[in-house]
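What follows is the content of entry-v5.cif, which has mmCIF, C-alpha atoms and all ligand atoms:
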```cif
data_coords
#
loop_
_atom_site.label_atom_id
_atom_site.label_comp_id
_atom_site.auth_asym_id
_atom_site.auth_seq_id
_atom_site.Cartn_x
_atom_site.Cartn_y
_atom_site.Cartn_z
CA MET C 121 -112.83 -142.96 17.34
CA GLY C 122 -113.40 -139.28 16.52
CA PHE C 123 -114.46 -138.63 12.97
CA GLY C 124 -113.47 -142.10 11.97
CA GLY C 125 -112.30 -141.14 8.48
CA LEU C 126 -113.89 -141.74 5.13
CA GLY C 127 -117.02 -143.79 5.13
CA VAL C 128 -117.45 -143.54 8.86
CA GLU C 129 -120.98 -142.26 8.44
CA ASN C 130 -121.90 -145.89 7.91
CA THR C 131 -120.65 -146.85 11.34
CA GLU C 132 -122.43 -146.38 14.64
CA VAL C 133 -119.94 -143.75 15.82
CA GLY C 134 -120.08 -141.95 12.48
CA ALA C 135 -123.86 -141.88 12.51
CA ALA C 136 -123.84 -140.38 16.00
CA LEU C 137 -121.47 -137.66 14.86
CA VAL C 138 -123.45 -136.83 11.77
CA SER C 139 -126.52 -136.46 13.94
CA LYS C 140 -124.59 -134.25 16.35
CA LEU C 141 -123.36 -132.05 13.53
CA THR C 142 -126.75 -131.67 11.99
CA SER C 143 -128.23 -130.56 15.31
CA LEU C 144 -125.95 -127.53 15.52
CA PRO C 145 -126.98 -123.99 14.61
CA LYS C 146 -126.34 -123.39 10.95
CA THR C 147 -124.18 -120.36 11.72
CA MET C 148 -121.73 -122.30 13.83
CA ASP C 149 -118.72 -121.76 11.62
CA THR C 150 -119.38 -118.14 10.78
CA PRO C 151 -119.16 -114.95 12.84
CA ILE C 152 -122.33 -114.67 14.91
CA GLU C 153 -124.06 -112.03 16.93
CA ALA C 154 -123.37 -111.84 20.65
CA SER C 155 -127.01 -112.65 21.35
CA GLU C 156 -126.57 -116.00 19.64
CA THR C 157 -123.72 -117.07 21.89
CA HIS C 158 -123.81 -118.75 25.25
CA SER C 159 -121.47 -116.18 26.83
CA ASN C 160 -124.07 -114.50 29.06
CA CYS C 161 -125.00 -117.67 30.82
CA ARG C 162 -121.72 -119.53 30.85
CA PRO C 163 -120.59 -121.15 34.09
CA ASP C 164 -117.70 -119.60 36.00
CA ARG C 165 -115.58 -122.79 35.67
CA GLY C 166 -115.55 -123.11 39.45
CA VAL C 167 -114.97 -126.86 39.33
CA TRP C 168 -112.13 -126.60 36.84
CA LEU C 169 -110.34 -123.65 38.41
CA LYS C 170 -110.77 -124.60 42.06
CA GLY C 171 -111.08 -128.41 42.01
CA GLY C 172 -112.12 -130.25 45.16
CA SER C 173 -115.78 -129.81 46.01
CA ALA C 174 -116.17 -126.48 44.18
CA VAL C 175 -119.26 -125.92 42.05
CA CYS C 176 -119.88 -124.04 38.80
CA THR C 177 -122.18 -121.03 38.99
CA PRO C 178 -124.51 -121.21 37.16
CA PRO C 179 -124.30 -124.96 36.58
CA ALA C 180 -123.31 -125.98 33.04
CA LYS C 181 -126.21 -126.21 30.60
CA PRO C 182 -126.48 -129.78 29.32
CA ALA C 183 -125.99 -129.89 25.54
CA PRO C 184 -127.97 -132.44 23.52
CA ALA C 185 -124.69 -133.45 21.85
CA PRO C 186 -121.81 -132.00 23.86
CA TRP C 187 -118.58 -131.22 22.02
CA ARG C 188 -115.29 -132.53 23.40
CA LEU C 189 -112.28 -131.00 21.71
CA VAL C 190 -108.53 -130.74 22.35
CA LEU C 191 -106.57 -127.75 21.04
CA LEU C 192 -102.88 -128.11 20.17
CA GLY C 193 -100.35 -125.62 18.83
CA ALA C 194 -97.21 -123.83 19.95
CA PRO C 195 -97.56 -121.30 22.79
CA GLY C 196 -98.77 -117.98 21.40
CA VAL C 197 -100.47 -119.37 18.31
CA GLY C 198 -103.86 -118.20 19.57
CA LYS C 199 -105.31 -121.36 21.13
CA GLY C 200 -106.78 -119.43 24.06
CA THR C 201 -108.72 -117.09 21.76
CA GLN C 202 -109.96 -120.00 19.65
CA ALA C 203 -110.94 -121.88 22.80
CA GLU C 204 -113.05 -118.91 23.89
CA LEU C 205 -114.78 -118.68 20.48
CA LEU C 206 -115.45 -122.40 20.38
CA CYS C 207 -116.87 -122.35 23.89
CA GLU C 208 -119.08 -119.35 23.19
CA ARG C 209 -120.51 -120.97 20.08
CA LEU C 210 -120.70 -124.60 21.15
CA GLY C 211 -121.73 -123.89 24.74
CA ALA C 212 -118.77 -125.93 25.99
CA CYS C 213 -116.42 -125.09 28.86
CA HIS C 214 -112.86 -123.77 28.40
CA LEU C 215 -110.56 -126.11 30.32
CA SER C 216 -107.06 -124.60 30.42
CA THR C 217 -104.42 -126.16 32.66
CA GLY C 218 -102.40 -122.91 32.36
CA ASP C 219 -105.35 -121.01 33.92
CA ILE C 220 -105.40 -123.37 36.91
CA LEU C 221 -101.65 -122.92 37.43
CA ARG C 222 -101.78 -119.13 37.02
CA GLY C 223 -104.66 -119.04 39.53
CA ALA C 224 -102.57 -121.05 42.00
CA SER C 225 -99.53 -118.83 41.47
CA LYS C 226 -101.61 -115.76 42.36
CA SER C 227 -102.63 -117.23 45.70
CA ASP C 228 -100.48 -116.36 48.72
CA GLY C 229 -98.76 -119.75 48.58
CA CYS C 230 -100.50 -121.06 51.71
CA GLY C 231 -101.98 -124.46 51.12
CA LEU C 232 -99.91 -125.12 47.98
CA SER C 233 -98.17 -128.48 48.08
CA PRO C 234 -94.35 -128.43 47.75
CA ALA C 235 -94.79 -130.18 44.37
CA LEU C 236 -97.07 -127.40 43.16
CA GLN C 237 -94.74 -124.67 44.44
CA THR C 238 -91.82 -126.23 42.52
CA ALA C 239 -94.06 -126.57 39.47
CA LEU C 240 -94.94 -122.88 39.56
CA GLU C 241 -91.27 -121.86 39.72
CA GLY C 242 -90.57 -123.98 36.62
CA MET C 243 -93.62 -122.50 34.90
CA ARG C 244 -92.24 -118.96 35.36
CA ARG C 245 -89.10 -120.06 33.51
CA GLY C 246 -91.21 -121.48 30.68
CA GLU C 247 -90.62 -125.12 31.61
CA LEU C 248 -93.33 -127.76 31.65
CA VAL C 249 -94.86 -128.78 34.94
CA THR C 250 -94.21 -132.49 35.57
CA ASP C 251 -96.66 -135.00 34.17
CA GLY C 252 -97.35 -136.27 37.70
CA THR C 253 -98.43 -132.85 38.98
CA ILE C 254 -100.56 -132.09 35.93
CA LEU C 255 -102.24 -135.48 36.03
CA ASP C 256 -103.03 -135.07 39.72
CA ILE C 257 -104.66 -131.72 38.90
CA VAL C 258 -106.66 -133.01 35.92
CA GLY C 259 -107.45 -136.33 37.61
CA GLU C 260 -109.32 -134.61 40.39
CA ARG C 261 -111.44 -132.74 37.84
CA GLY C 262 -113.03 -135.75 36.19
CA ARG C 263 -116.39 -134.02 36.69
CA CYS C 264 -115.38 -131.49 34.02
CA LEU C 265 -114.53 -134.23 31.53
CA ARG C 266 -117.90 -135.92 31.88
CA CYS C 267 -119.82 -132.63 32.13
CA SER C 268 -122.84 -132.70 29.83
CA GLY C 269 -121.98 -129.21 28.54
CA GLY C 270 -118.84 -130.54 26.78
CA PHE C 271 -115.34 -129.08 26.90
CA VAL C 272 -112.49 -127.52 24.97
CA LEU C 273 -109.15 -128.60 26.45
CA ASP C 274 -106.46 -125.95 25.96
CA GLY C 275 -102.87 -126.66 27.07
CA PHE C 276 -103.56 -130.26 28.04
CA PRO C 277 -102.35 -132.77 27.01
CA ARG C 278 -98.82 -131.51 26.33
CA THR C 279 -96.88 -134.77 26.32
CA VAL C 280 -97.60 -138.23 24.98
CA ALA C 281 -97.76 -139.50 28.58
CA GLN C 282 -100.48 -136.93 29.32
CA ALA C 283 -102.38 -137.90 26.15
CA GLU C 284 -102.28 -141.55 27.20
CA ALA C 285 -103.53 -140.63 30.65
CA LEU C 286 -106.30 -138.46 29.16
CA GLU C 287 -107.40 -141.35 26.97
CA LYS C 288 -107.76 -143.51 30.08
CA LEU C 289 -109.53 -140.77 32.05
CA LEU C 290 -112.03 -140.24 29.25
CA ALA C 291 -112.66 -143.97 28.95
CA ARG C 292 -113.25 -144.09 32.70
CA GLU C 293 -115.76 -141.23 32.41
CA GLY C 294 -117.40 -142.94 29.44
CA VAL C 295 -116.80 -140.11 26.94
CA GLU C 296 -114.77 -139.67 23.74
CA LEU C 297 -113.00 -136.82 21.97
CA ASP C 298 -114.62 -135.50 18.81
CA ALA C 299 -111.51 -133.88 17.34
CA VAL C 300 -108.08 -132.41 18.04
CA PHE C 301 -107.45 -129.07 16.33
CA ASP C 302 -103.76 -128.30 15.75
CA TYR C 303 -103.17 -124.59 15.03
CA GLU C 304 -100.04 -123.94 12.96
CA MET C 305 -98.00 -120.79 12.35
CA PRO C 306 -94.31 -120.05 11.47
CA ILE C 307 -92.19 -119.97 14.62
CA ASP C 308 -90.77 -116.43 14.02
CA GLU C 309 -94.27 -115.01 13.88
CA ILE C 310 -95.23 -116.77 17.09
CA VAL C 311 -92.19 -115.41 18.95
CA GLU C 312 -93.07 -111.89 17.78
CA ARG C 313 -96.64 -112.31 18.99
CA LEU C 314 -95.63 -113.63 22.39
CA ALA C 315 -93.04 -110.91 23.04
CA GLY C 316 -95.64 -108.18 22.33
CA ARG C 317 -98.54 -109.83 24.15
CA ARG C 318 -100.03 -107.94 27.09
CA VAL C 319 -102.88 -109.24 29.22
CA CYS C 320 -105.36 -107.75 31.63
CA PRO C 321 -104.93 -109.47 34.99
CA LYS C 322 -108.53 -108.65 35.91
CA CYS C 323 -110.78 -109.40 32.92
CA LYS C 324 -108.25 -111.53 30.96
CA ALA C 325 -108.51 -109.41 27.77
CA VAL C 326 -105.49 -109.94 25.52
CA TYR C 327 -103.68 -107.19 23.54
CA HIS C 328 -100.54 -106.84 21.44
CA THR C 329 -98.27 -103.82 21.68
CA THR C 330 -98.35 -103.25 17.91
CA GLY C 331 -100.86 -105.72 16.40
CA GLN C 332 -103.80 -105.02 18.71
CA PRO C 333 -102.88 -102.17 21.06
CA PRO C 334 -105.32 -100.87 23.68
CA LYS C 335 -106.77 -97.39 23.09
CA SER C 336 -104.65 -95.99 25.89
CA GLU C 337 -101.16 -97.47 26.23
CA GLY C 338 -100.86 -100.05 29.01
CA VAL C 339 -104.53 -99.78 30.07
CA CYS C 340 -107.29 -102.34 29.49
CA ASP C 341 -110.08 -101.02 27.23
CA ASN C 342 -112.67 -103.15 29.03
CA CYS C 343 -112.01 -102.53 32.71
CA GLY C 344 -109.26 -99.89 32.98
CA SER C 345 -106.77 -102.18 34.78
CA ALA C 346 -103.03 -101.85 34.10
CA LEU C 347 -101.95 -104.42 31.50
CA VAL C 348 -99.13 -106.81 32.32
CA GLN C 349 -96.73 -109.06 30.47
CA ARG C 350 -97.00 -112.70 31.52
CA GLU C 351 -93.78 -113.82 33.20
CA ASP C 352 -93.50 -116.68 30.74
CA ASP C 353 -93.79 -114.23 27.79
CA ARG C 354 -90.36 -112.74 28.60
CA PRO C 355 -87.68 -113.52 25.95
CA GLU C 356 -85.73 -116.17 27.88
CA ALA C 357 -88.92 -117.99 28.89
CA ILE C 358 -90.23 -117.82 25.30
CA ARG C 359 -87.09 -119.56 24.02
CA THR C 360 -87.53 -122.29 26.62
CA ARG C 361 -91.23 -122.75 25.81
CA MET C 362 -90.52 -123.12 22.09
CA ARG C 363 -87.81 -125.73 22.73
CA VAL C 364 -90.07 -127.60 25.14
CA TYR C 365 -92.94 -127.50 22.62
CA ALA C 366 -90.77 -129.00 19.86
CA GLU C 367 -89.43 -131.72 22.16
CA SER C 368 -92.47 -132.68 24.21
CA THR C 369 -95.67 -131.53 22.55
CA ALA C 370 -95.00 -131.83 18.79
CA PRO C 371 -94.85 -135.67 19.05
CA LEU C 372 -98.51 -135.54 20.08
CA LEU C 373 -99.47 -134.64 16.52
CA ASP C 374 -98.56 -138.08 15.23
CA TRP C 375 -100.17 -139.68 18.25
CA TYR C 376 -103.53 -138.05 17.46
CA ARG C 377 -103.11 -138.44 13.70
CA LYS C 378 -102.89 -142.19 14.19
CA ARG C 379 -106.17 -142.05 16.11
CA ASP C 380 -107.77 -140.19 13.21
CA LEU C 381 -108.60 -137.21 15.39
CA LEU C 382 -106.14 -134.59 14.11
CA VAL C 383 -107.31 -131.55 12.12
CA THR C 384 -104.50 -129.19 11.06
CA VAL C 385 -105.56 -125.54 10.97
CA PRO C 386 -103.35 -122.77 9.48
CA ALA C 387 -103.64 -120.06 12.14
CA TYR C 388 -103.19 -116.83 10.13
CA GLY C 389 -105.76 -114.04 9.96
CA ALA C 390 -108.38 -112.72 12.35
CA PRO C 391 -109.77 -114.97 15.12
CA ASP C 392 -113.11 -115.36 13.30
CA GLU C 393 -111.35 -116.41 10.09
CA ILE C 394 -109.29 -119.00 11.94
CA TYR C 395 -112.42 -120.25 13.65
CA ALA C 396 -114.23 -120.74 10.34
CA ARG C 397 -111.11 -122.30 8.81
CA ALA C 398 -110.98 -124.90 11.59
CA TRP C 399 -114.40 -126.19 10.55
CA SER C 400 -113.61 -126.11 6.85
CA CYS C 401 -110.37 -128.00 7.52
CA SER C 402 -112.42 -130.51 9.49
CA ARG C 403 -114.74 -130.99 6.56
CA GLU C 404 -111.79 -131.48 4.20
CA ALA C 405 -110.08 -133.91 6.53
CA HIS C 406 -113.22 -135.90 7.30
CA PRO C 407 -115.71 -135.46 4.47
CA GLY C 408 -117.56 -138.58 5.56
CA THR C 409 -118.87 -137.00 8.72
CA LEU C 410 -118.45 -133.24 8.42
CA THR C 411 -120.98 -132.76 5.67
CA PRO C 412 -121.33 -129.23 4.34
CA THR C 413 -125.08 -129.57 3.97
CA GLY C 414 -126.22 -129.25 7.51
CA SER C 415 -125.08 -127.60 10.63
CA LEU C 416 -121.65 -126.47 9.64
CA GLY C 417 -122.70 -123.51 7.63
CA GLY C 418 -123.01 -124.92 4.16
CA GLY C 419 -119.30 -124.49 3.24
P1 LIG M 501 -100.40 -122.15 28.86
O1 LIG M 501 -101.23 -121.04 29.40
O2 LIG M 501 -101.16 -123.33 28.39
O3 LIG M 501 -99.38 -121.66 27.85
O4 LIG M 501 -99.54 -122.70 30.10
C1 LIG M 501 -98.64 -121.89 30.79
C2 LIG M 501 -97.59 -122.75 31.48
O5 LIG M 501 -98.23 -123.64 32.40
C3 LIG M 501 -96.77 -123.65 30.57
O6 LIG M 501 -95.67 -122.99 29.99
C4 LIG M 501 -96.33 -124.74 31.53
O7 LIG M 501 -95.29 -124.29 32.37
C5 LIG M 501 -97.56 -124.90 32.41
N1 LIG M 501 -98.50 -125.90 31.88
C6 LIG M 501 -99.77 -125.68 31.49
N2 LIG M 501 -100.34 -126.83 31.08
C7 LIG M 501 -99.41 -127.78 31.21
C8 LIG M 501 -99.38 -129.18 30.91
N3 LIG M 501 -100.44 -129.81 30.40
N4 LIG M 501 -98.22 -129.86 31.16
C9 LIG M 501 -97.16 -129.25 31.69
N5 LIG M 501 -97.10 -127.94 31.96
C10 LIG M 501 -98.22 -127.19 31.73
#
```
In structure tokens, how does this file's structure come out?
Amino acid sequence: MGFGGLGVENTEVGAALVSKLTSLPKTMDTPIEASETHSNCRPDRGVWLKGGSAVCTPPAKPAPAPWRLVLLGAPGVGKGTQAELLCERLGACHLSTGDILRGASKSDGCGLSPALQTALEGMRRGELVTDGTILDIVGERGRCLRCSGGFVLDGFPRTVAQAEALEKLLAREGVELDAVFDYEMPIDEIVERLAGRRVCPKCKAVYHTTGQPPKSEGVCDNCGSALVQREDDRPEAIRTRMRVYAESTAPLLDWYRKRDLLVTVPAYGAPDEIYARAWSCSREAHPGTLTPTGSLGGG
């Protein structure tokens, strides 16, 4: 379904999307003031990160027309940053499978199933976790997929089998994707970014040793914690992740293109520029629904 292509505004789905787009704040695709974002009242993603009977605090705010997006792109292209911006501005929830796995790997190992322990070892080497394990994890978080706040999926799906399973899960929950943003960047540049990436284990701020260094070397500007390099950002793991991306995840592009959901976004420049470009690429790809006149900032 998604944008439905040219002329879709004359269909029922297209009309619903046009109405959704025109109900958005006019500044949605431009840099906005912190006070205009949802960041101060965003839920803690308790359900997504912990699964089971966990709750989100505060509960997600229902959106009149919740956005449901998937982000694709090679590791290191900046999907996480874009996911955060999209969530702040659309009021949706950032659903990252990598965050769930990293959270599990930080636990003391007690209570982790053997399958999950094996998965985490593979993850440290930059390999993909098996489809079965990932689908078990996502399957028990159906509440997040039907959440009336909407979602931005980051890192899932990563294989065609996962995309097929997601399609079924969404159908079961009675919801549909609005779009799939694919962020693109030359591979050499991505490898350089990953190798220099440093993250704050406490507040999750992301830095780069040369491109975006902290004020004091190795120390988080926000909370003063010592910055770390993700295990899967080490050179050997980066090579594995790039190979795995080309083999397993790149085929997803065609899969979503055929469903008329794919929006290709060149991912150069500052995060805000990439954010705005995503919406202008959407308008170019789907002029029938993403009209420049209303909510999307007037072009
Ligand atoms: P990310 O933070 O999305 O780059 O994910 C970090 C790592 O978690 C990946 O390199 C994989 O090992 C694992 N992972 C995350 N999501 C998935 C997924 N959907 N399928 C398989 N492995 C995943």
Next item on the list: Report as an MDAnalysis selection string which protein, DNA and RNA residues come within 8 Å of ligand LIG 501 (chain M), using all atoms listed in the file.
Entry: chainID C and resid 195:196 200 216:219 221:222 239:240 242:251 254 274:279 282 352 361
Notebook entry, point to check: If you count all atoms listed in the file, which residues fall within 7 Å of range 381-392 of chain C, apart from same-chain ones fewer than 4 positions away, as an MDAnalysis selection string?
Noted result: chainID C and resid 122:123 151 197 202 299:305 376:377 396:398 401:402 405
Write a file of the selected residues as a PDB file, keeping the file's coordinate frame, keeping C-alpha atoms.
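Saved to out12.pdb:
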```
ATOM      1  CA  GLY C 122    -113.400-139.280  16.520  1.00  0.00           C
ATOM      2  CA  PHE C 123    -114.460-138.630  12.970  1.00  0.00           C
ATOM      3  CA  PRO C 151    -119.160-114.950  12.840  1.00  0.00           C
ATOM      4  CA  VAL C 197    -100.470-119.370  18.310  1.00  0.00           C
ATOM      5  CA  GLN C 202    -109.960-120.000  19.650  1.00  0.00           C
ATOM      6  CA  ALA C 299    -111.510-133.880  17.340  1.00  0.00           C
ATOM      7  CA  VAL C 300    -108.080-132.410  18.040  1.00  0.00           C
ATOM      8  CA  PHE C 301    -107.450-129.070  16.330  1.00  0.00           C
ATOM      9  CA  ASP C 302    -103.760-128.300  15.750  1.00  0.00           C
ATOM     10  CA  TYR C 303    -103.170-124.590  15.030  1.00  0.00           C
ATOM     11  CA  GLU C 304    -100.040-123.940  12.960  1.00  0.00           C
ATOM     12  CA  MET C 305     -98.000-120.790  12.350  1.00  0.00           C
ATOM     13  CA  TYR C 376    -103.530-138.050  17.460  1.00  0.00           C
ATOM     14  CA  ARG C 377    -103.110-138.440  13.700  1.00  0.00           C
ATOM     15  CA  ALA C 396    -114.230-120.740  10.340  1.00  0.00           C
ATOM     16  CA  ARG C 397    -111.110-122.300   8.810  1.00  0.00           C
ATOM     17  CA  ALA C 398    -110.980-124.900  11.590  1.00  0.00           C
ATOM     18  CA  CYS C 401    -110.370-128.000   7.520  1.00  0.00           C
ATOM     19  CA  SER C 402    -112.420-130.510   9.490  1.00  0.00           C
ATOM     20  CA  ALA C 405    -110.080-133.910   6.530  1.00  0.00           C
TER      21      ALA C 405
END
```
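Between CA of Cys343 in chain C and CA of Lys324 in chain C the interatomic distance comes to 9.9 Å.
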Would you mind listing, for every residue of range 197-277 of chain C within 8 Å of range 171-178 of chain C, the two atoms forming the shortest contact and the distance between them in Å to one decimal, using all atoms listed in the file, sorted by chain and ascending residue number, as CSV?
```
residue,atom,partner,partner_atom,distance
C:Ile257,CA,C:Gly171,CA,7.9
C:Glu260,CA,C:Gly171,CA,6.6
C:Arg261,CA,C:Gly171,CA,6.0
```
Put a box with edges along x, y and z around all the listed atoms of range 162-176 of chain C, pad it by 6 Å on each side, then give me its centre and sizes in Å, one decimal, as lines of an AutoDock Vina configuration file.
```
center_x = -116.0
center_y = -124.9
center_z = 38.4
size_x = 23.4
size_y = 22.7
size_z = 27.2
```
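The interatomic distance for the pair CA of Asp380 in chain C and CA of Phe271 in chain C works out to 19.2 Å.
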Checklist line | Given all atoms listed in the file as the counted atoms, nearest of C:Val272, C:Leu373, C:Ile307, C:Leu232 to Thr201 in chain C | finding: C:Val272
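Between CA of Ala315 in chain C and CA of Ile220 in chain C lies a distance of 22.4 Å.
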Margin query: Taking 2 positions as the minimum chain separation for residues in the same chain, which residues sit within 10 Å of range 267-269 of chain C when counting all atoms listed in the file? Answer as a list in words.
Written below: Arg162, Pro163, Pro179, Ala180, Lys181, Pro182, Ala183, Pro184, Ala185, Pro186, Trp187, Arg188, Cys207, Leu210, Gly211, Ala212, Cys213, Gly262, Arg263, Cys264, Leu265, Phe271, Glu293 and Val295 of chain C
Item checked: Residue nearest Ser233 in chain C - candidates C:Pro334, C:Cys323, C:Thr253, C:Arg350, atoms counted: only C-alpha atoms -> C:Thr253
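For the residues C:Leu206, C:Leu215, C:Val348, C:Cys320, ranking by smallest atom-to-atom distance to Gly166 in chain C using all atoms listed in the file places C:Leu215 first.
With all atoms listed in the file as the atoms that count, the residue of C:Glu351, C:Val258, C:Gly193, C:Ala291 with the shortest distance to Ser225 in chain C is C:Glu351.
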Margin query: Give me the residues near Arg313 in chain C as a VMD selection string, where near means some atom within 12 Å (using all atoms listed in the file) and where sequence neighbours in that chain fewer than 2 positions away do not count.
Written below: chain C and resid 194 to 198 305 to 311 315 to 318 326 to 332 349 353 to 355 358 388
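Using all atoms listed in the file, the shortest contact distance between Tyr395 in chain C and any of C:Leu372, C:Leu192, C:Leu314, C:Ala203 is found at C:Ala203.
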Note to self: With distances taken over all atoms listed in the file, which residue among C:Gly294, C:Trp168, C:Val190, C:Pro333 lies nearest Gly259 in chain C?
What the structure shows: C:Trp168
